[in-house]
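Shown next: coords.pdb, given as PDB, C-alpha atoms and all ligand atoms.
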```pdb
ATOM      1  CA  MET A   1     -19.200   1.739  28.354
ATOM      2  CA  PRO A   2     -16.930   4.344  26.684
ATOM      3  CA  THR A   3     -17.064   4.975  22.928
ATOM      4  CA  PRO A   4     -13.641   3.800  21.683
ATOM      5  CA  VAL A   5     -11.348   6.732  20.949
ATOM      6  CA  ILE A   6      -7.793   7.412  19.833
ATOM      7  CA  LEU A   7      -5.858  10.672  20.105
ATOM      8  CA  VAL A   8      -2.420  11.178  18.508
ATOM      9  CA  HIS A   9       0.230  13.901  18.477
ATOM     10  CA  GLY A  10       2.990  14.797  16.041
ATOM     11  CA  GLY A  11       5.228  16.586  18.538
ATOM     12  CA  ALA A  12       5.436  19.893  20.367
ATOM     13  CA  GLY A  13       7.570  22.633  18.844
ATOM     14  CA  ALA A  14       7.248  25.583  16.495
ATOM     15  CA  VAL A  15       6.235  24.314  13.077
ATOM     16  CA  ASP A  16       6.296  26.916  10.313
ATOM     17  CA  PRO A  17       2.706  28.208   9.745
ATOM     18  CA  ALA A  18       2.700  27.068   6.111
ATOM     19  CA  ARG A  19       3.518  23.501   7.116
ATOM     20  CA  ARG A  20       1.099  23.145  10.039
ATOM     21  CA  PRO A  21      -1.774  21.700   7.971
ATOM     22  CA  LEU A  22       0.576  18.992   6.629
ATOM     23  CA  HIS A  23       1.412  17.924  10.174
ATOM     24  CA  ALA A  24      -2.264  17.883  11.176
ATOM     25  CA  GLU A  25      -3.075  15.769   8.099
ATOM     26  CA  GLY A  26      -0.310  13.288   8.997
ATOM     27  CA  CYS A  27      -1.789  13.021  12.485
ATOM     28  CA  ALA A  28      -5.289  12.503  11.054
ATOM     29  CA  ARG A  29      -4.074   9.605   8.874
ATOM     30  CA  ALA A  30      -2.439   7.990  11.903
ATOM     31  CA  ALA A  31      -5.532   8.488  14.082
ATOM     32  CA  GLU A  32      -7.609   6.818  11.379
ATOM     33  CA  ALA A  33      -5.222   3.837  11.352
ATOM     34  CA  GLY A  34      -5.779   3.605  15.107
ATOM     35  CA  ARG A  35      -9.538   3.931  14.749
ATOM     36  CA  ALA A  36      -9.533   1.119  12.143
ATOM     37  CA  ALA A  37      -7.893  -1.127  14.756
ATOM     38  CA  LEU A  38     -10.589  -0.177  17.298
ATOM     39  CA  ALA A  39     -13.380  -0.667  14.725
ATOM     40  CA  ALA A  40     -12.057  -4.177  14.038
ATOM     41  CA  GLY A  41     -12.518  -4.986  17.718
ATOM     42  CA  GLY A  42      -8.917  -4.274  18.689
ATOM     43  CA  ARG A  43      -7.887  -3.170  22.140
ATOM     44  CA  ALA A  44      -6.552   0.274  23.021
ATOM     45  CA  ARG A  45      -3.044  -1.196  22.785
ATOM     46  CA  ASP A  46      -3.625  -2.349  19.168
ATOM     47  CA  ALA A  47      -4.868   1.132  18.265
ATOM     48  CA  VAL A  48      -1.911   3.055  19.700
ATOM     49  CA  LEU A  49       0.483   0.601  18.067
ATOM     50  CA  ALA A  50      -1.107   1.068  14.620
ATOM     51  CA  ALA A  51      -1.239   4.857  14.963
ATOM     52  CA  CYS A  52       2.313   5.206  16.248
ATOM     53  CA  ALA A  53       3.698   2.954  13.489
ATOM     54  CA  ALA A  54       1.901   5.119  10.885
ATOM     55  CA  LEU A  55       3.527   8.232  12.354
ATOM     56  CA  GLU A  56       6.945   6.521  12.319
ATOM     57  CA  ASP A  57       6.464   5.753   8.616
ATOM     58  CA  ASP A  58       5.706   9.417   7.845
ATOM     59  CA  PRO A  59       8.978  11.316   7.168
ATOM     60  CA  LEU A  60       7.424  14.575   8.405
ATOM     61  CA  PHE A  61       7.858  13.513  12.006
ATOM     62  CA  ASN A  62      10.847  12.982  14.306
ATOM     63  CA  ALA A  63      10.414   9.220  14.737
ATOM     64  CA  GLY A  64      11.293   6.198  12.595
ATOM     65  CA  HIS A  65      11.709   7.520   9.032
ATOM     66  CA  GLY A  66      12.596  11.208   9.494
ATOM     67  CA  ALA A  67      14.093  10.868  12.984
ATOM     68  CA  CYS A  68      16.528  13.587  14.005
ATOM     69  CA  LEU A  69      20.258  12.881  14.153
ATOM     70  CA  THR A  70      22.869  12.729  16.888
ATOM     71  CA  ALA A  71      25.818  15.140  16.889
ATOM     72  CA  GLU A  72      27.695  12.467  14.925
ATOM     73  CA  GLY A  73      24.969  12.181  12.276
ATOM     74  CA  THR A  74      23.718   8.792  13.441
ATOM     75  CA  VAL A  75      20.176   7.591  14.234
ATOM     76  CA  GLU A  76      19.337   6.479  17.799
ATOM     77  CA  LEU A  77      15.665   5.725  18.391
ATOM     78  CA  ASP A  78      13.602   5.644  21.614
ATOM     79  CA  ALA A  79      10.091   4.164  21.899
ATOM     80  CA  ALA A  80       7.694   2.775  24.509
ATOM     81  CA  ILE A  81       4.241   1.243  24.682
ATOM     82  CA  MET A  82       2.181   0.677  27.820
ATOM     83  CA  ASP A  83      -1.093  -1.177  28.356
ATOM     84  CA  GLY A  84      -3.091   0.137  31.308
ATOM     85  CA  GLU A  85      -4.975  -3.076  32.111
ATOM     86  CA  ARG A  86      -2.035  -4.938  33.685
ATOM     87  CA  LEU A  87       0.529  -2.099  33.500
ATOM     88  CA  GLU A  88       2.411  -4.035  30.810
ATOM     89  CA  LEU A  89       5.325  -2.072  29.391
ATOM     90  CA  GLY A  90       7.832  -2.489  26.571
ATOM     91  CA  ALA A  91      10.525   0.009  25.584
ATOM     92  CA  VAL A  92      13.698   0.463  23.564
ATOM     93  CA  ALA A  93      16.312   3.204  23.863
ATOM     94  CA  CYS A  94      19.235   4.218  21.620
ATOM     95  CA  LEU A  95      18.048   1.643  19.095
ATOM     96  CA  PRO A  96      20.025   1.738  15.815
ATOM     97  CA  PRO A  97      17.945   2.019  12.604
ATOM     98  CA  PHE A  98      14.886  -0.277  12.381
ATOM     99  CA  ALA A  99      11.707   0.707  10.516
ATOM    100  CA  ASN A 100       9.258   0.688  13.431
ATOM    101  CA  PRO A 101      10.774   0.968  16.917
ATOM    102  CA  ILE A 102       7.294   0.952  18.437
ATOM    103  CA  ARG A 103       6.702  -2.575  17.098
ATOM    104  CA  ILE A 104       9.972  -3.669  18.707
ATOM    105  CA  ALA A 105       8.883  -2.029  21.978
ATOM    106  CA  ASP A 106       5.625  -3.988  21.724
ATOM    107  CA  ALA A 107       7.572  -7.196  21.154
ATOM    108  CA  VAL A 108       9.534  -6.385  24.357
ATOM    109  CA  ARG A 109       6.197  -5.999  26.167
ATOM    110  CA  ALA A 110       4.843  -9.276  24.776
ATOM    111  CA  ASP A 111       8.087 -11.134  25.556
ATOM    112  CA  GLY A 112       7.775 -10.009  29.172
ATOM    113  CA  VAL A 113      11.277 -10.929  30.394
ATOM    114  CA  HIS A 114      12.564  -7.339  30.628
ATOM    115  CA  THR A 115      10.829  -4.011  30.026
ATOM    116  CA  LEU A 116      13.565  -1.834  28.457
ATOM    117  CA  TYR A 117      16.451  -2.749  26.149
ATOM    118  CA  ALA A 118      19.094  -0.249  25.001
ATOM    119  CA  ALA A 119      21.499   0.159  22.072
ATOM    120  CA  GLN A 120      23.102  -3.052  20.752
ATOM    121  CA  GLY A 121      21.125  -5.180  23.206
ATOM    122  CA  ALA A 122      17.911  -3.680  21.817
ATOM    123  CA  ALA A 123      19.113  -4.344  18.260
ATOM    124  CA  ARG A 124      19.920  -7.930  19.165
ATOM    125  CA  PHE A 125      16.490  -8.407  20.763
ATOM    126  CA  ALA A 126      14.903  -6.985  17.597
ATOM    127  CA  ARG A 127      16.844  -9.252  15.238
ATOM    128  CA  ASP A 128      16.107 -12.281  17.418
ATOM    129  CA  HIS A 129      12.384 -11.452  17.178
ATOM    130  CA  GLY A 130      12.323 -11.165  13.375
ATOM    131  CA  PHE A 131      12.840  -7.422  12.826
ATOM    132  CA  ALA A 132      15.224  -6.521   9.988
ATOM    133  CA  PRO A 133      17.973  -3.966  10.734
ATOM    134  CA  LEU A 134      18.345  -1.110   8.250
ATOM    135  CA  GLY A 135      21.451   0.592   6.858
ATOM    136  CA  PRO A 136      22.734   3.709   8.649
ATOM    137  CA  ASP A 137      21.090   6.132   6.158
ATOM    138  CA  ALA A 138      17.806   4.294   5.555
ATOM    139  CA  LEU A 139      15.747   6.519   7.890
ATOM    140  CA  VAL A 140      17.673   9.764   7.283
ATOM    141  CA  THR A 141      15.861  12.555   5.430
ATOM    142  CA  ASP A 142      17.289  15.737   3.890
ATOM    143  CA  ALA A 143      15.288  17.708   6.477
ATOM    144  CA  ALA A 144      17.018  15.843   9.331
ATOM    145  CA  ARG A 145      20.454  16.500   7.787
ATOM    146  CA  GLU A 146      19.607  20.198   7.385
ATOM    147  CA  ARG A 147      18.398  20.510  10.991
ATOM    148  CA  LEU A 148      21.593  18.933  12.271
ATOM    149  CA  ALA A 149      23.721  21.247  10.112
ATOM    150  CA  ARG A 150      21.842  24.300  11.440
ATOM    151  CA  VAL A 151      22.318  23.225  15.062
ATOM    152  CA  LEU A 152      26.015  22.422  14.581
ATOM    153  CA  ALA A 153      26.447  25.847  12.918
ATOM    154  CA  GLY A 154      24.845  27.488  15.955
ATOM    155  CA  ALA A 155      21.849  28.667  13.910
ATOM    156  CA  ALA A 156      19.250  26.644  15.846
ATOM    157  CA  ASP A 157      18.643  25.318  19.348
ATOM    158  CA  ARG A 158      20.404  22.023  20.181
ATOM    159  CA  GLY A 159      17.587  20.907  22.476
ATOM    160  CA  TRP A 160      14.951  20.880  19.755
ATOM    161  CA  ALA A 161      12.840  17.745  20.117
ATOM    162  CA  GLY A 162       9.877  18.668  17.943
ATOM    163  CA  GLY A 163       8.103  16.018  15.975
ATOM    164  CA  THR A 164       8.200  13.200  18.550
ATOM    165  CA  VAL A 165       5.051  11.160  17.977
ATOM    166  CA  GLY A 166       2.581   9.483  20.288
ATOM    167  CA  ALA A 167      -0.881   8.061  20.726
ATOM    168  CA  VAL A 168      -3.302   7.325  23.564
ATOM    169  CA  ALA A 169      -6.515   5.327  23.336
ATOM    170  CA  CYS A 170      -9.440   4.035  25.354
ATOM    171  CA  ASP A 171     -11.377   0.993  24.113
ATOM    172  CA  ALA A 172     -14.938  -0.167  24.722
ATOM    173  CA  GLY A 173     -13.800  -2.115  27.798
ATOM    174  CA  GLY A 174     -12.453   1.055  29.425
ATOM    175  CA  HIS A 175      -8.871  -0.144  28.920
ATOM    176  CA  VAL A 176      -6.321   2.552  28.085
ATOM    177  CA  ALA A 177      -2.910   2.465  26.392
ATOM    178  CA  ALA A 178      -0.162   4.854  25.357
ATOM    179  CA  ALA A 179       2.660   4.707  22.806
ATOM    180  CA  THR A 180       5.443   7.217  22.099
ATOM    181  CA  SER A 181       8.349   7.166  19.617
ATOM    182  CA  THR A 182      11.152   9.621  18.818
ATOM    183  CA  GLY A 183      14.580  10.260  17.384
ATOM    184  CA  GLY A 184      15.219  12.416  20.467
ATOM    185  CA  THR A 185      16.789  15.859  20.289
ATOM    186  CA  VAL A 186      18.795  17.246  17.374
ATOM    187  CA  ALA A 187      22.570  16.898  17.855
ATOM    188  CA  LYS A 188      22.143  14.926  21.082
ATOM    189  CA  ARG A 189      25.255  13.213  22.361
ATOM    190  CA  PRO A 190      25.365   9.541  21.361
ATOM    191  CA  GLY A 191      23.921   7.423  24.166
ATOM    192  CA  ARG A 192      21.547  10.145  25.370
ATOM    193  CA  VAL A 193      18.131   8.756  26.359
ATOM    194  CA  GLY A 194      15.113  11.041  26.537
ATOM    195  CA  ASP A 195      11.775  10.815  28.307
ATOM    196  CA  THR A 196       9.988   8.811  25.603
ATOM    197  CA  PRO A 197      10.976   5.239  26.629
ATOM    198  CA  LEU A 198      10.813   5.933  30.381
ATOM    199  CA  ALA A 199       7.568   4.842  32.037
ATOM    200  CA  GLY A 200       5.927   7.791  33.769
ATOM    201  CA  ALA A 201       8.054  10.374  31.949
ATOM    202  CA  GLY A 202       7.087  10.301  28.250
ATOM    203  CA  THR A 203       4.652   7.391  28.335
ATOM    204  CA  TRP A 204       2.132   6.121  30.920
ATOM    205  CA  ALA A 205      -1.091   4.114  30.972
ATOM    206  CA  ASP A 206      -3.126   2.863  33.928
ATOM    207  CA  ASP A 207      -6.758   1.739  33.721
ATOM    208  CA  LEU A 208      -7.310   3.259  37.193
ATOM    209  CA  SER A 209      -6.793   6.751  35.739
ATOM    210  CA  GLY A 210      -5.864   7.146  32.057
ATOM    211  CA  ALA A 211      -3.085   7.237  29.472
ATOM    212  CA  CYS A 212      -0.680   9.981  28.443
ATOM    213  CA  SER A 213       1.986  10.526  25.774
ATOM    214  CA  ALA A 214       4.310  13.509  26.244
ATOM    215  CA  THR A 215       6.502  15.475  23.857
ATOM    216  CA  GLY A 216       9.103  18.188  24.310
ATOM    217  CA  VAL A 217      12.554  18.425  25.801
ATOM    218  CA  GLY A 218      13.034  15.116  27.587
ATOM    219  CA  GLU A 219      15.503  16.289  30.214
ATOM    220  CA  ALA A 220      12.786  18.393  31.909
ATOM    221  CA  ILE A 221       9.933  15.967  31.222
ATOM    222  CA  MET A 222      11.696  13.088  32.978
ATOM    223  CA  ARG A 223      12.476  15.216  36.049
ATOM    224  CA  LEU A 224       8.773  15.907  36.542
ATOM    225  CA  GLY A 225       7.532  12.463  35.512
ATOM    226  CA  LEU A 226       5.108  14.305  33.260
ATOM    227  CA  ALA A 227       3.006  11.492  31.800
ATOM    228  CA  ARG A 228       2.314   9.865  35.157
ATOM    229  CA  ARG A 229       1.752  13.252  36.802
ATOM    230  CA  ALA A 230      -0.941  14.068  34.215
ATOM    231  CA  CYS A 231      -2.654  10.700  34.810
ATOM    232  CA  ASP A 232      -2.492  11.098  38.591
ATOM    233  CA  LEU A 233      -4.111  14.527  38.264
ATOM    234  CA  LEU A 234      -7.125  12.796  36.672
ATOM    235  CA  HIS A 235      -8.064  11.681  40.205
ATOM    236  CA  ALA A 236      -8.558  15.366  41.110
ATOM    237  CA  GLY A 237     -10.252  16.832  38.040
ATOM    238  CA  SER A 238     -11.305  16.541  34.414
ATOM    239  CA  ALA A 239      -8.993  15.495  31.582
ATOM    240  CA  ASP A 240      -8.739  19.151  30.494
ATOM    241  CA  GLU A 241      -7.819  20.298  34.007
ATOM    242  CA  ALA A 242      -5.282  17.487  34.491
ATOM    243  CA  ALA A 243      -3.568  18.198  31.158
ATOM    244  CA  ARG A 244      -3.442  21.948  31.791
ATOM    245  CA  ARG A 245      -2.110  21.543  35.341
ATOM    246  CA  ALA A 246       0.585  19.039  34.304
ATOM    247  CA  ILE A 247       1.884  21.359  31.571
ATOM    248  CA  GLU A 248       1.755  24.329  33.935
ATOM    249  CA  GLU A 249       3.887  22.331  36.416
ATOM    250  CA  LEU A 250       6.312  21.374  33.628
ATOM    251  CA  GLY A 251       7.012  25.057  32.996
ATOM    252  CA  ARG A 252       6.894  26.293  36.594
ATOM    253  CA  ARG A 253       8.728  23.495  38.424
ATOM    254  CA  VAL A 254      11.423  22.402  35.954
ATOM    255  CA  GLY A 255      11.413  25.119  33.278
ATOM    256  CA  GLY A 256      10.338  22.598  30.647
ATOM    257  CA  SER A 257       8.659  23.149  27.321
ATOM    258  CA  GLY A 258       6.468  20.568  25.672
ATOM    259  CA  GLY A 259       3.011  19.140  25.331
ATOM    260  CA  LEU A 260       0.909  16.089  26.045
ATOM    261  CA  ILE A 261      -2.164  14.168  25.001
ATOM    262  CA  LEU A 262      -4.348  12.513  27.624
ATOM    263  CA  VAL A 263      -7.319  10.156  27.739
ATOM    264  CA  ASP A 264      -9.128   9.058  30.890
ATOM    265  CA  ASN A 265     -10.681   5.642  31.483
ATOM    266  CA  GLY A 266     -14.072   7.016  30.411
ATOM    267  CA  GLY A 267     -12.735   8.065  26.997
ATOM    268  CA  ARG A 268     -12.541  11.810  27.739
ATOM    269  CA  THR A 269      -9.549  13.422  26.030
ATOM    270  CA  ALA A 270      -7.384  16.526  26.382
ATOM    271  CA  VAL A 271      -4.484  18.211  24.598
ATOM    272  CA  ALA A 272      -2.161  20.750  26.267
ATOM    273  CA  ARG A 273       1.147  22.434  25.402
ATOM    274  CA  ASN A 274       3.280  25.414  26.348
ATOM    275  CA  THR A 275       5.021  25.468  22.952
ATOM    276  CA  GLU A 276       3.889  27.354  19.856
ATOM    277  CA  THR A 277       2.494  24.261  18.140
ATOM    278  CA  MET A 278       1.683  20.606  18.676
ATOM    279  CA  SER A 279      -0.127  18.814  15.857
ATOM    280  CA  TRP A 280      -2.798  16.342  16.980
ATOM    281  CA  ALA A 281      -5.781  14.350  15.705
ATOM    282  CA  LEU A 282      -8.721  12.697  17.437
ATOM    283  CA  ALA A 283     -10.758   9.797  16.010
ATOM    284  CA  ARG A 284     -13.760   8.481  17.920
ATOM    285  CA  LEU A 285     -15.739   5.522  16.587
ATOM    286  CA  GLY A 286     -18.685   6.776  14.513
ATOM    287  CA  GLU A 287     -17.595  10.433  14.500
ATOM    288  CA  PRO A 288     -15.606  12.580  12.053
ATOM    289  CA  THR A 289     -11.858  12.869  12.672
ATOM    290  CA  GLU A 290     -10.765  16.175  14.209
ATOM    291  CA  SER A 291      -7.254  17.592  13.952
ATOM    292  CA  GLY A 292      -5.320  20.725  14.806
ATOM    293  CA  PHE A 293      -1.941  22.137  15.707
TER
HETATM  294  N1  LIG B 301      10.767  14.146  24.061
HETATM  295  C1  LIG B 301      11.728  13.543  23.231
HETATM  296  C2  LIG B 301      13.076  13.597  23.739
HETATM  297  O1  LIG B 301      13.441  14.509  24.473
HETATM  298  O2  LIG B 301      13.861  12.718  23.422
END
```

Starting from the file, give its structure as structure tokens.
Amino acid sequence: MPTPVILVHGGAGAVDPARRPLHAEGCARAAEAGRAALAAGGRARDAVLAACAALEDDPLFNAGHGACLTAEGTVELDAAIMDGERLELGAVACLPPFANPIRIADAVRADGVHTLYAAQGAARFARDHGFAPLGPDALVTDAARERLARVLAGAADRGWAGGTVGAVACDAGGHVAAATSTGGTVAKRPGRVGDTPLAGAGTWADDLSGACSATGVGEAIMRLGLARRACDLLHAGSADEAARRAIEELGRRVGGSGGLILVDNGGRTAVARNTETMSWALARLGEPTESGF
């Protein structure tokens, strides 16, 4: 029986060296929220939901509060959660401002009628299920406004997708789950959907292999089907080997940059990236929390 474990990431990118510890600390707090869910007897799905919601609440990260902005200065949120036991999936894309898109994605999963709602249909689903819409500026931080201004001025890369958040977990029953949430890429065109809410691209969980949450530029990640590719590679090697090979393929086959976190159905974990940084934290029941970037 695996020792329950949760692993989270705060996004692949190039965080300024002085700020890296802050990102690792934010990840550690989220991992501990996930571990608390596991310690209370929760399933892997409960743990990734708690951890991902904590990351969405932290304005440091590009998800929920602090999400990056479209070219028109608006907020459009993507999120997905997947439970590996029955391959249950819930996702939202281009969601207007709500505090915790991952909780809405989980409500989509629990509702079970459809798996992915977009834009105004996603907002309507959320309102109908008791989630309160927020004003257009409620999730917008000064840092997000500054990043958009830099991109629009040509001083930074438009495709920047750093700070996407995610979590993977394995519980005592050997069940795995993954959750991912993001504001997408800075200055994206309105209506653009990234890899995060697409099963197999940014988010994947299957008890027969493992669970993965990906981060980076979604256009490349979705072409490779990165999260599912990493989980499939678990059939051929260790978690470390699968994570490394999937990221190597992301660069070699589609010229993508990004990172991923991976857990197999025995609770073994791995972190891989081809970017300068990706903050992460690992919390296993009964052991000290580890974090890094
Ligand atoms: N990986 C986040 C995005 O491209 O939207």

**Asked** Which residues sit within 7 Å of ligand LIG 301 (chain B), counting all atoms listed in the file, listed as a PyMOL selection string?
**Response** chain A and resi 161+164+182-185+193-196+202+214-219

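Comparing the minimum interatomic distances between Cys212 of chain A and each of A:Thr269, A:Ser257, A:Thr141, A:Gln120, counting all atoms listed in the file, we find that A:Thr269 sits nearest.
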
Here's the selection I'm unsure about, the PyMOL selection byres (((chain A and resi 92) around 8) and not hetatm); applied to the file above, which residues does it give, as a JSON list (two decimals) with C-alpha atoms, in the frame of the given file?
```
[["chain", "number", "residue", "atom", "x", "y", "z"],
["A", 77, "LEU", "CA", 15.66, 5.72, 18.39],
["A", 78, "ASP", "CA", 13.60, 5.64, 21.61],
["A", 79, "ALA", "CA", 10.09, 4.16, 21.90],
["A", 80, "ALA", "CA", 7.69, 2.78, 24.51],
["A", 90, "GLY", "CA", 7.83, -2.49, 26.57],
["A", 91, "ALA", "CA", 10.52, 0.01, 25.58],
["A", 93, "ALA", "CA", 16.31, 3.20, 23.86],
["A", 94, "CYS", "CA", 19.24, 4.22, 21.62],
["A", 95, "LEU", "CA", 18.05, 1.64, 19.10],
["A", 101, "PRO", "CA", 10.77, 0.97, 16.92],
["A", 104, "ILE", "CA", 9.97, -3.67, 18.71],
["A", 105, "ALA", "CA", 8.88, -2.03, 21.98],
["A", 116, "LEU", "CA", 13.56, -1.83, 28.46],
["A", 117, "TYR", "CA", 16.45, -2.75, 26.15],
["A", 118, "ALA", "CA", 19.09, -0.25, 25.00],
["A", 119, "ALA", "CA", 21.50, 0.16, 22.07],
["A", 122, "ALA", "CA", 17.91, -3.68, 21.82],
["A", 197, "PRO", "CA", 10.98, 5.24, 26.63]]
```

**Message:** Applying 12 Å and all atoms listed in the file, which residues near segment 231-242 of chain A remain after dropping the ones on its own chain fewer than 4 positions away? List them as a ChimeraX atom specification.
**Reply:** /A:84,168,176-178,200-214,225-227,246-249,260-273

List the residues selected by the PyMOL selection byres (((chain A and resi 147) around 10) and not hetatm) in the file shown, writing them as a CSV table (one decimal) with C-alpha atoms, keeping the file's coordinate frame.
```csv
chain,number,residue,atom,x,y,z
A,68,CYS,CA,16.5,13.6,14.0
A,69,LEU,CA,20.3,12.9,14.2
A,142,ASP,CA,17.3,15.7,3.9
A,143,ALA,CA,15.3,17.7,6.5
A,144,ALA,CA,17.0,15.8,9.3
A,145,ARG,CA,20.5,16.5,7.8
A,146,GLU,CA,19.6,20.2,7.4
A,148,LEU,CA,21.6,18.9,12.3
A,149,ALA,CA,23.7,21.2,10.1
A,150,ARG,CA,21.8,24.3,11.4
A,151,VAL,CA,22.3,23.2,15.1
A,152,LEU,CA,26.0,22.4,14.6
A,153,ALA,CA,26.4,25.8,12.9
A,155,ALA,CA,21.8,28.7,13.9
A,156,ALA,CA,19.2,26.6,15.8
A,157,ASP,CA,18.6,25.3,19.3
A,158,ARG,CA,20.4,22.0,20.2
A,160,TRP,CA,15.0,20.9,19.8
A,186,VAL,CA,18.8,17.2,17.4
A,187,ALA,CA,22.6,16.9,17.9
```

**Request:** Find the residues near Cys170 of chain A: any atom within 6 Å, counting only C-alpha atoms, skip ones fewer than 4 places away on the same chain, and give them as a list in words.
**Result:** Pro4, Val5, Ala44, Gly174, His175, Val176 and Gly267 of chain A

Leaving out segment 31-34 of chain A and any residue of its chain fewer than 4 positions from it, which residues lie within 8 Å of it when counting only C-alpha atoms, given as a PDB file with C-alpha atoms, keeping the file's coordinate frame?
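This is the output file part_35.pdb:
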```
ATOM      1  CA  ILE A   6      -7.793   7.412  19.833  1.00  0.00           C
ATOM      2  CA  LEU A   7      -5.858  10.672  20.105  1.00  0.00           C
ATOM      3  CA  VAL A   8      -2.420  11.178  18.508  1.00  0.00           C
ATOM      4  CA  CYS A  27      -1.789  13.021  12.485  1.00  0.00           C
ATOM      5  CA  LEU A  38     -10.589  -0.177  17.298  1.00  0.00           C
ATOM      6  CA  ASP A  46      -3.625  -2.349  19.168  1.00  0.00           C
ATOM      7  CA  ALA A  47      -4.868   1.132  18.265  1.00  0.00           C
ATOM      8  CA  VAL A  48      -1.911   3.055  19.700  1.00  0.00           C
ATOM      9  CA  LEU A  49       0.483   0.601  18.067  1.00  0.00           C
ATOM     10  CA  ALA A  50      -1.107   1.068  14.620  1.00  0.00           C
ATOM     11  CA  ALA A  51      -1.239   4.857  14.963  1.00  0.00           C
ATOM     12  CA  ALA A  54       1.901   5.119  10.885  1.00  0.00           C
ATOM     13  CA  ALA A 281      -5.781  14.350  15.705  1.00  0.00           C
ATOM     14  CA  LEU A 282      -8.721  12.697  17.437  1.00  0.00           C
ATOM     15  CA  ALA A 283     -10.758   9.797  16.010  1.00  0.00           C
ATOM     16  CA  THR A 289     -11.858  12.869  12.672  1.00  0.00           C
TER      17      THR A 289
END
```

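In this structure, atom CA of Arg20 of chain A sits 26.1 Å away from atom CA of Gly286 of chain A.
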
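With distances restricted to all atoms listed in the file, A:Asp58 is the closest residue to His23 of chain A from A:Glu287, A:Asp58, A:Asp171, A:Glu72.
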
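Take atom CA of Ala71 of chain A and atom CA of Pro190 of chain A: the distance between them is 7.2 Å.
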
**Prompt:** Just how far from atom CA of Pro17 of chain A is atom CA of Phe293 of chain A, in Å to one decimal?
**Reply:** 9.7 Å

**Prompt:** Smallest atom-to-atom distance to Ala36 of chain A: which of A:Arg284, A:Ala18, A:Ala230, A:Gly292, using only C-alpha atoms?
**Reply:** A:Arg284

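Distances to Ala39 of chain A were evaluated for A:Met278, A:Leu250, A:Ala172, A:Ala199 using all atoms listed in the file, and the minimum falls at A:Ala172.
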
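For the choices A:Leu60, A:Ala40, A:Leu224, A:Leu139, the atom-to-atom distance to Glu25 of chain A is smallest for A:Leu60 when using all atoms listed in the file.
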
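Take the candidates A:Pro2, A:Gly162, A:Pro59, A:Pro133 and check each one against Asp16 of chain A using all atoms listed in the file; the shortest distance goes to A:Gly162.
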
**Request:** Apply the PyMOL selection byres (((chain A and resi 136) around 9) and not hetatm) to the structure shown and report the selected residues as number ranges by chain.
**Result:** A: 74-75, 96-97, 134-135, 137-140

For C-alpha atoms, I'd like the residues from the last selection saved as a PDB file, keeping the file's coordinate frame.
```pdb
ATOM      1  CA  THR A  74      23.718   8.792  13.441  1.00  0.00           C
ATOM      2  CA  VAL A  75      20.176   7.591  14.234  1.00  0.00           C
ATOM      3  CA  PRO A  96      20.025   1.738  15.815  1.00  0.00           C
ATOM      4  CA  PRO A  97      17.945   2.019  12.604  1.00  0.00           C
ATOM      5  CA  LEU A 134      18.345  -1.110   8.250  1.00  0.00           C
ATOM      6  CA  GLY A 135      21.451   0.592   6.858  1.00  0.00           C
ATOM      7  CA  ASP A 137      21.090   6.132   6.158  1.00  0.00           C
ATOM      8  CA  ALA A 138      17.806   4.294   5.555  1.00  0.00           C
ATOM      9  CA  LEU A 139      15.747   6.519   7.890  1.00  0.00           C
ATOM     10  CA  VAL A 140      17.673   9.764   7.283  1.00  0.00           C
TER      11      VAL A 140
END
```
